[in-house]
Amino acid sequence: MTRALVVGLARSGRAAAGLLARRGWDVVAVDSGDVDVDDLRAGGIDARPGFTGAVTDVDVVVKSPGVPEGAGPVAAAYAAGIPVISEVELAARMTASPVIAITGTNGKTTTTELTAHIMREAGVDAVACGNQGTPITTLVETVPASTWLVVECSSFQLEGVGTAFHPRAAVVLNVTPDHLDRHGDMDRYAAAKRRIFENQTADDLAIAPPGFGAAGSVVLRTIDEERRPTSVAWSEGGLHHADRGLIATWDRVALRGAHNRQNAMAAVALAVHAGAGDVARGLATFPGVEHRLEVVAEIDGVTYVNDSKATNPDAAMAALDAYPERVHLIVGGRAKGTPFAPLAERARGRVVAAYGVGEASGEIGAALRAEGIPVTDSGTIADAVAGAREDAVAGDVVLLAPACTSFDQFTSFEERGRAFRRAVLGD
């Protein structure tokens with residue numbers, strides 16, 4: 001293979017194109033948007049912004065996760081019989097580093113960062129990468145083969161795995177309705193997640209929810225509240241591991257929230273499989289992840305929490321479970337085809353007021369009002385924070401847990417979280 005097409009020129013697409021070019025490939029890189037490509041062209045890449053046509057004189061197509069399967073260049077490649085792979089598959093073909101892979105509807109980034117942190121604290125060289133922001137292809141040429149790559153994988157990335165992506169340990173944390181606007185239904189969404197186990201063997205660790213299923217010789221382990229025959233970790237009275245016993249009581253684990261107990265158990269199981277010894281130290285010292293139940297400030301006795309990464313109703317419900325106090329909830333953005341009624345039911349008795357922003361403000365506001373929760377159509381994050389600040393009293397929590405994507409008003413959930421922080425701090 002000597003010629004490749006890269007479709008989509010955000011972070012992972014640019015990283016993939018650069019790696020291929022440095023390895024001597026002839027690279028065509030396209031994006032449907034009017035993106036800056038000067039740096040790519042300077043690297044000898046045939047970069048084409050605003051391009052939606054076909055490029056079929058290539059050996060392989062690398063599709064960025066944000067590009068749908070039906071996009072023009074991708075559809076043309078499928079029609080021509082050209083292999084279409086993801087950036088994580090490309091990296092796996094070009095690195096000797098062992099891989100840990102983490103996916104799930106919610107908790108991926110926290111578990112990825114926590115796993116790498118636990119391993120490093122235990123003296124095992126590890127780096128977090130993937131969907132959490134650091135493209136895995138940027139590490140292929142910069143880390144030694146002994147470094148573990150702890151890779152967060154989205155369903156969009158897993159759609160494009162081939163025969164090379166072989167995690168030594170992998171977990172599907174959970175699968176709840178999300179991205180149905182892209183996948184179409186839950187069966188297809190779960191099938192994409194299930195591909196994380198596709199190339200594993202009986203010697204590898206595979207963790208998934210009970211009944212999730214996997215092909216081949218992989219034997220799935222589970223994470224549970226009480227110990228089961230399949231349990232690799234369980235949470236009764238503390239964090240237990242099947243081979244290590246009690247790792248830590250929950251008061252010695254830095255992360256807050258019931259959903260983070262699952263994340264912590266998964267991280268411990270993955271780290272232990274990779275050879276980490278003292279995993280308790282990392283559990284106690286983990287600082288958390290930006291935009292994920294991030295405490296921004298306490299002002300006049302009111303706690304302001306940034307959970308901008310709660311981009312679906314299940315993630316927002318987990319945030320409410322972590323903060324069951326009197327909550328002033330900021331919600332809204334662009335909906336993803338998932339119902340808001342379950343979130344509204346969970347909010348009843350916990351949320352004293354809600355503030356709607358963005359495109360889905362009306363839809364999510366109607367669901368909350370049906371449960372007797374007063375809702376203000378604020379429109380923007382800044383106005384929502386201002387309204388919550390006026391209404392909240394000492395002991396209350398102002399929680400940004402939007403239950404929607406950010407793409408109506410922002411370029412990313414990170415930008416949305418930064419807007420919340422600025423509004424809180426007055427920056």
# chains A, B, ... in the order shown; residues from 1 in each chain; ligands from 1

call {"tool": "select_by_dssp", "arguments": {"residues": "region 79-251 of chain A", "states": "strand (DSSP E)", "output": "PyMOL selection string"}}
result
chain A and resi 84-86+99-103+126-130+148-152+169-172+205-207+220-224+231-234+239-241+245-248

call {"tool": "residues_around", "arguments": {"residues": "Val151 (chain A)", "least_positions_apart": "2", "cutoff": "12 Å", "atoms": "only C-alpha atoms", "output": "ChimeraX atom specification"}}
result
/A:87-89,91-92,97-103,108-116,126-137,139,148-149,153-154,157-158,165-171,196,270

call {"tool": "closest_residue", "arguments": {"among": "A:Ala353, A:Ala16, A:Val295, A:Ala315", "to": "Thr338 (chain A)", "atoms": "only C-alpha atoms"}}
result
A:Ala315

call {"tool": "select_by_dssp", "arguments": {"residues": "region 76-188 of chain A", "states": "alpha helix (DSSP H)", "output": "PyMOL selection string"}}
result
chain A and resi 76-79+87-94+108-121+155-158+180-183+186-188

call {"tool": "write_last_selection", "arguments": {"atoms": "N, CA and C atoms", "output": "CSV table (one decimal), in the first residue's frame"}}
result
chain,number,residue,atom,x,y,z
A,76,ALA,N,-18.2,6.5,-1.8
A,76,ALA,CA,-17.5,6.2,-3.0
A,76,ALA,C,-16.4,5.1,-2.8
A,77,ALA,N,-15.8,5.2,-1.7
A,77,ALA,CA,-14.7,4.1,-1.4
A,77,ALA,C,-15.4,2.8,-1.2
A,78,TYR,N,-16.5,2.7,-0.4
A,78,TYR,CA,-17.2,1.5,-0.2
A,78,TYR,C,-17.6,0.9,-1.6
A,79,ALA,N,-18.2,1.8,-2.4
A,79,ALA,CA,-18.7,1.3,-3.7
A,79,ALA,C,-17.6,0.8,-4.6
A,87,GLU,N,-8.8,5.8,12.5
A,87,GLU,CA,-7.5,6.2,13.0
A,87,GLU,C,-6.9,5.2,14.0
A,88,VAL,N,-7.7,4.6,14.9
A,88,VAL,CA,-7.2,3.7,15.9
A,88,VAL,C,-6.7,2.4,15.2
A,89,GLU,N,-7.3,2.0,14.1
A,89,GLU,CA,-6.9,0.8,13.4
A,89,GLU,C,-5.6,1.2,12.7
A,90,LEU,N,-5.5,2.3,12.1
A,90,LEU,CA,-4.2,2.8,11.4
A,90,LEU,C,-3.1,2.7,12.4
A,91,ALA,N,-3.3,3.3,13.6
A,91,ALA,CA,-2.2,3.3,14.6
A,91,ALA,C,-1.8,1.9,15.0
A,92,ALA,N,-2.8,1.1,15.2
A,92,ALA,CA,-2.5,-0.3,15.6
A,92,ALA,C,-1.6,-1.0,14.6
A,93,ARG,N,-1.7,-0.7,13.3
A,93,ARG,CA,-0.9,-1.3,12.3
A,93,ARG,C,0.5,-0.8,12.3
A,94,MET,N,0.7,0.3,13.0
A,94,MET,CA,2.1,1.0,13.0
A,94,MET,C,2.8,1.1,14.3
A,108,LYS,N,-16.2,7.0,29.6
A,108,LYS,CA,-15.1,6.6,28.8
A,108,LYS,C,-13.8,7.4,29.2
A,109,THR,N,-14.0,8.7,29.2
A,109,THR,CA,-12.8,9.6,29.4
A,109,THR,C,-12.3,9.5,30.8
A,110,THR,N,-13.2,9.5,31.8
A,110,THR,CA,-12.8,9.4,33.2
A,110,THR,C,-12.0,8.0,33.4
A,111,THR,N,-12.6,7.0,32.9
A,111,THR,CA,-11.9,5.6,33.0
A,111,THR,C,-10.6,5.6,32.3
A,112,THR,N,-10.5,6.2,31.1
A,112,THR,CA,-9.3,6.2,30.4
A,112,THR,C,-8.2,6.9,31.2
A,113,GLU,N,-8.5,8.1,31.6
A,113,GLU,CA,-7.5,8.9,32.3
A,113,GLU,C,-7.2,8.3,33.7
A,114,LEU,N,-8.2,7.7,34.4
A,114,LEU,CA,-7.9,7.1,35.7
A,114,LEU,C,-7.0,5.8,35.5
A,115,THR,N,-7.3,5.0,34.5
A,115,THR,CA,-6.5,3.8,34.2
A,115,THR,C,-5.0,4.2,34.0
A,116,ALA,N,-4.8,5.2,33.1
A,116,ALA,CA,-3.4,5.6,32.9
A,116,ALA,C,-2.8,6.2,34.1
A,117,HIS,N,-3.5,6.9,34.9
A,117,HIS,CA,-3.0,7.5,36.2
A,117,HIS,C,-2.6,6.4,37.2
A,118,ILE,N,-3.5,5.4,37.4
A,118,ILE,CA,-3.2,4.3,38.3
A,118,ILE,C,-2.0,3.6,37.8
A,119,MET,N,-1.8,3.3,36.6
A,119,MET,CA,-0.7,2.6,36.1
A,119,MET,C,0.6,3.4,36.3
A,120,ARG,N,0.6,4.7,36.0
A,120,ARG,CA,1.8,5.5,36.2
A,120,ARG,C,2.2,5.6,37.7
A,121,GLU,N,1.2,5.7,38.5
A,121,GLU,CA,1.4,5.8,40.0
A,121,GLU,C,2.0,4.5,40.5
A,155,SER,N,-17.9,4.8,19.6
A,155,SER,CA,-18.5,3.9,18.6
A,155,SER,C,-18.1,4.2,17.2
A,156,PHE,N,-18.0,5.5,16.9
A,156,PHE,CA,-17.6,5.9,15.5
A,156,PHE,C,-16.2,5.3,15.2
A,157,GLN,N,-15.3,5.4,16.1
A,157,GLN,CA,-13.9,4.9,15.9
A,157,GLN,C,-14.0,3.3,15.7
A,158,LEU,N,-14.8,2.7,16.5
A,158,LEU,CA,-14.8,1.2,16.5
A,158,LEU,C,-15.5,0.7,15.3
A,180,LEU,N,-28.2,7.8,18.3
A,180,LEU,CA,-29.1,7.1,17.5
A,180,LEU,C,-29.4,7.9,16.2
A,181,ASP,N,-29.1,9.2,16.2
A,181,ASP,CA,-29.2,9.9,14.9
A,181,ASP,C,-28.2,9.5,13.9
A,182,ARG,N,-27.1,8.9,14.4
A,182,ARG,CA,-26.0,8.4,13.5
A,182,ARG,C,-26.1,6.9,13.2
A,183,HIS,N,-26.4,6.1,14.3
A,183,HIS,CA,-26.4,4.6,14.2
A,183,HIS,C,-27.7,4.1,13.7
A,186,MET,N,-30.5,0.9,18.5
A,186,MET,CA,-29.6,0.4,19.5
A,186,MET,C,-28.8,-0.8,19.1
A,187,ASP,N,-29.4,-1.7,18.3
A,187,ASP,CA,-28.6,-2.9,17.9
A,187,ASP,C,-27.4,-2.5,17.1
A,188,ARG,N,-27.5,-1.5,16.2
A,188,ARG,CA,-26.3,-1.1,15.5
A,188,ARG,C,-25.3,-0.4,16.3

call {"tool": "residues_around", "arguments": {"residues": "Ile223 (chain A)", "least_positions_apart": "3", "cutoff": "10 Å", "atoms": "only C-alpha atoms", "output": "ChimeraX atom specification"}}
result
/A:171,173,207-210,226-228,230-235,240-241,261-263,265-266,269

call {"tool": "residues_around", "arguments": {"residues": "Ala403 (chain A)", "least_positions_apart": "3", "cutoff": "9 Å", "atoms": "only C-alpha atoms", "output": "PDB file with N, CA and C atoms, in the first residue's frame"}}
result
ATOM      1  N   SER A 308     -20.143  19.447  31.591  1.00  0.00           N
ATOM      2  CA  SER A 308     -20.479  19.692  30.188  1.00  0.00           C
ATOM      3  C   SER A 308     -20.403  18.423  29.350  1.00  0.00           C
ATOM      4  N   LYS A 309     -19.608  17.444  29.787  1.00  0.00           N
ATOM      5  CA  LYS A 309     -19.485  16.197  29.047  1.00  0.00           C
ATOM      6  C   LYS A 309     -20.740  15.332  29.155  1.00  0.00           C
ATOM      7  N   ALA A 310     -21.688  15.722  29.989  1.00  0.00           N
ATOM      8  CA  ALA A 310     -22.956  14.982  30.084  1.00  0.00           C
ATOM      9  C   ALA A 310     -23.797  15.315  28.856  1.00  0.00           C
ATOM     10  N   THR A 311     -23.477  14.669  27.748  1.00  0.00           N
ATOM     11  CA  THR A 311     -24.089  15.013  26.464  1.00  0.00           C
ATOM     12  C   THR A 311     -25.288  14.140  26.119  1.00  0.00           C
ATOM     13  N   ASN A 312     -25.774  13.347  27.073  1.00  0.00           N
ATOM     14  CA  ASN A 312     -26.977  12.555  26.857  1.00  0.00           C
ATOM     15  C   ASN A 312     -27.724  12.439  28.191  1.00  0.00           C
ATOM     16  N   PRO A 313     -28.998  12.061  28.166  1.00  0.00           N
ATOM     17  CA  PRO A 313     -29.777  12.026  29.411  1.00  0.00           C
ATOM     18  C   PRO A 313     -29.211  11.092  30.481  1.00  0.00           C
ATOM     19  N   ASP A 314     -28.643   9.943  30.079  1.00  0.00           N
ATOM     20  CA  ASP A 314     -28.103   9.031  31.097  1.00  0.00           C
ATOM     21  C   ASP A 314     -26.938   9.654  31.843  1.00  0.00           C
ATOM     22  N   ALA A 315     -26.082  10.375  31.123  1.00  0.00           N
ATOM     23  CA  ALA A 315     -24.962  11.039  31.783  1.00  0.00           C
ATOM     24  C   ALA A 315     -25.461  12.128  32.720  1.00  0.00           C
ATOM     25  N   ALA A 316     -26.497  12.850  32.317  1.00  0.00           N
ATOM     26  CA  ALA A 316     -27.058  13.881  33.184  1.00  0.00           C
ATOM     27  C   ALA A 316     -27.681  13.260  34.436  1.00  0.00           C
ATOM     28  N   MET A 317     -28.309  12.099  34.288  1.00  0.00           N
ATOM     29  CA  MET A 317     -28.878  11.418  35.458  1.00  0.00           C
ATOM     30  C   MET A 317     -27.782  10.983  36.420  1.00  0.00           C
ATOM     31  N   VAL A 331     -29.647  22.799  31.402  1.00  0.00           N
ATOM     32  CA  VAL A 331     -29.789  21.731  30.413  1.00  0.00           C
ATOM     33  C   VAL A 331     -30.034  22.324  29.032  1.00  0.00           C
ATOM     34  N   GLY A 332     -29.795  21.478  28.015  1.00  0.00           N
ATOM     35  CA  GLY A 332     -30.125  21.877  26.653  1.00  0.00           C
ATOM     36  C   GLY A 332     -28.916  21.904  25.745  1.00  0.00           C
ATOM     37  N   GLY A 333     -29.177  22.156  24.494  1.00  0.00           N
ATOM     38  CA  GLY A 333     -28.168  22.101  23.447  1.00  0.00           C
ATOM     39  C   GLY A 333     -28.823  21.497  22.224  1.00  0.00           C
ATOM     40  N   ARG A 334     -28.121  20.620  21.549  1.00  0.00           N
ATOM     41  CA  ARG A 334     -28.683  19.919  20.396  1.00  0.00           C
ATOM     42  C   ARG A 334     -29.015  18.481  20.790  1.00  0.00           C
ATOM     43  N   ALA A 335     -30.276  18.092  20.626  1.00  0.00           N
ATOM     44  CA  ALA A 335     -30.710  16.746  20.998  1.00  0.00           C
ATOM     45  C   ALA A 335     -30.161  15.709  20.030  1.00  0.00           C
ATOM     46  N   PHE A 340     -36.196  12.566  26.879  1.00  0.00           N
ATOM     47  CA  PHE A 340     -35.824  13.290  28.083  1.00  0.00           C
ATOM     48  C   PHE A 340     -36.701  12.937  29.283  1.00  0.00           C
ATOM     49  N   LEU A 343     -34.890  11.458  32.410  1.00  0.00           N
ATOM     50  CA  LEU A 343     -34.131  12.473  33.137  1.00  0.00           C
ATOM     51  C   LEU A 343     -35.071  13.331  33.976  1.00  0.00           C
ATOM     52  N   ILE A 364     -36.749  19.704  26.200  1.00  0.00           N
ATOM     53  CA  ILE A 364     -36.360  19.217  27.526  1.00  0.00           C
ATOM     54  C   ILE A 364     -37.113  19.973  28.617  1.00  0.00           C
TER      55      ILE A 364
END

call {"tool": "closest_residue", "arguments": {"among": "A:Ile82, A:Asp36, A:Val219, A:Gln409", "to": "Thr201 (chain A)", "atoms": "only C-alpha atoms"}}
result
A:Val219

call {"tool": "residues_around", "arguments": {"residues": "Val74 (chain A)", "least_positions_apart": "2", "cutoff": "8 Å", "atoms": "only C-alpha atoms", "output": "ChimeraX atom specification"}}
result
/A:7,54,61,63,69-72,76-78,84

call {"tool": "write_last_selection", "arguments": {"atoms": "C-alpha atoms", "output": "tab-separated table (two decimals), in the first residue's frame"}}
result
chain	number	residue	atom	x	y	z
A	7	VAL	CA	-11.53	11.94	5.22
A	54	ALA	CA	-14.77	10.72	-4.82
A	61	VAL	CA	-9.36	5.23	3.33
A	63	LYS	CA	-12.22	7.95	8.11
A	69	GLU	CA	-20.59	6.43	6.75
A	70	GLY	CA	-22.69	7.98	3.99
A	71	ALA	CA	-20.38	10.94	3.34
A	72	GLY	CA	-19.50	11.29	-0.34
A	76	ALA	CA	-17.49	6.18	-3.04
A	77	ALA	CA	-14.75	4.14	-1.37
A	78	TYR	CA	-17.19	1.46	-0.24
A	84	VAL	CA	-12.23	2.00	5.08

call {"tool": "closest_residue", "arguments": {"among": "A:Ala276, A:Val398, A:Leu283, A:Gly104", "to": "Leu239 (chain A)", "atoms": "only C-alpha atoms"}}
result
A:Leu283

call {"tool": "closest_residue", "arguments": {"among": "A:Asn260, A:Thr142, A:Gln200, A:Ser361", "to": "Val218 (chain A)", "atoms": "only C-alpha atoms"}}
result
A:Gln200

call {"tool": "atom_distance", "arguments": {"atom1": "CA of Val351 (chain A)", "atom2": "CA of Leu329 (chain A)"}}
result
6.5 Å
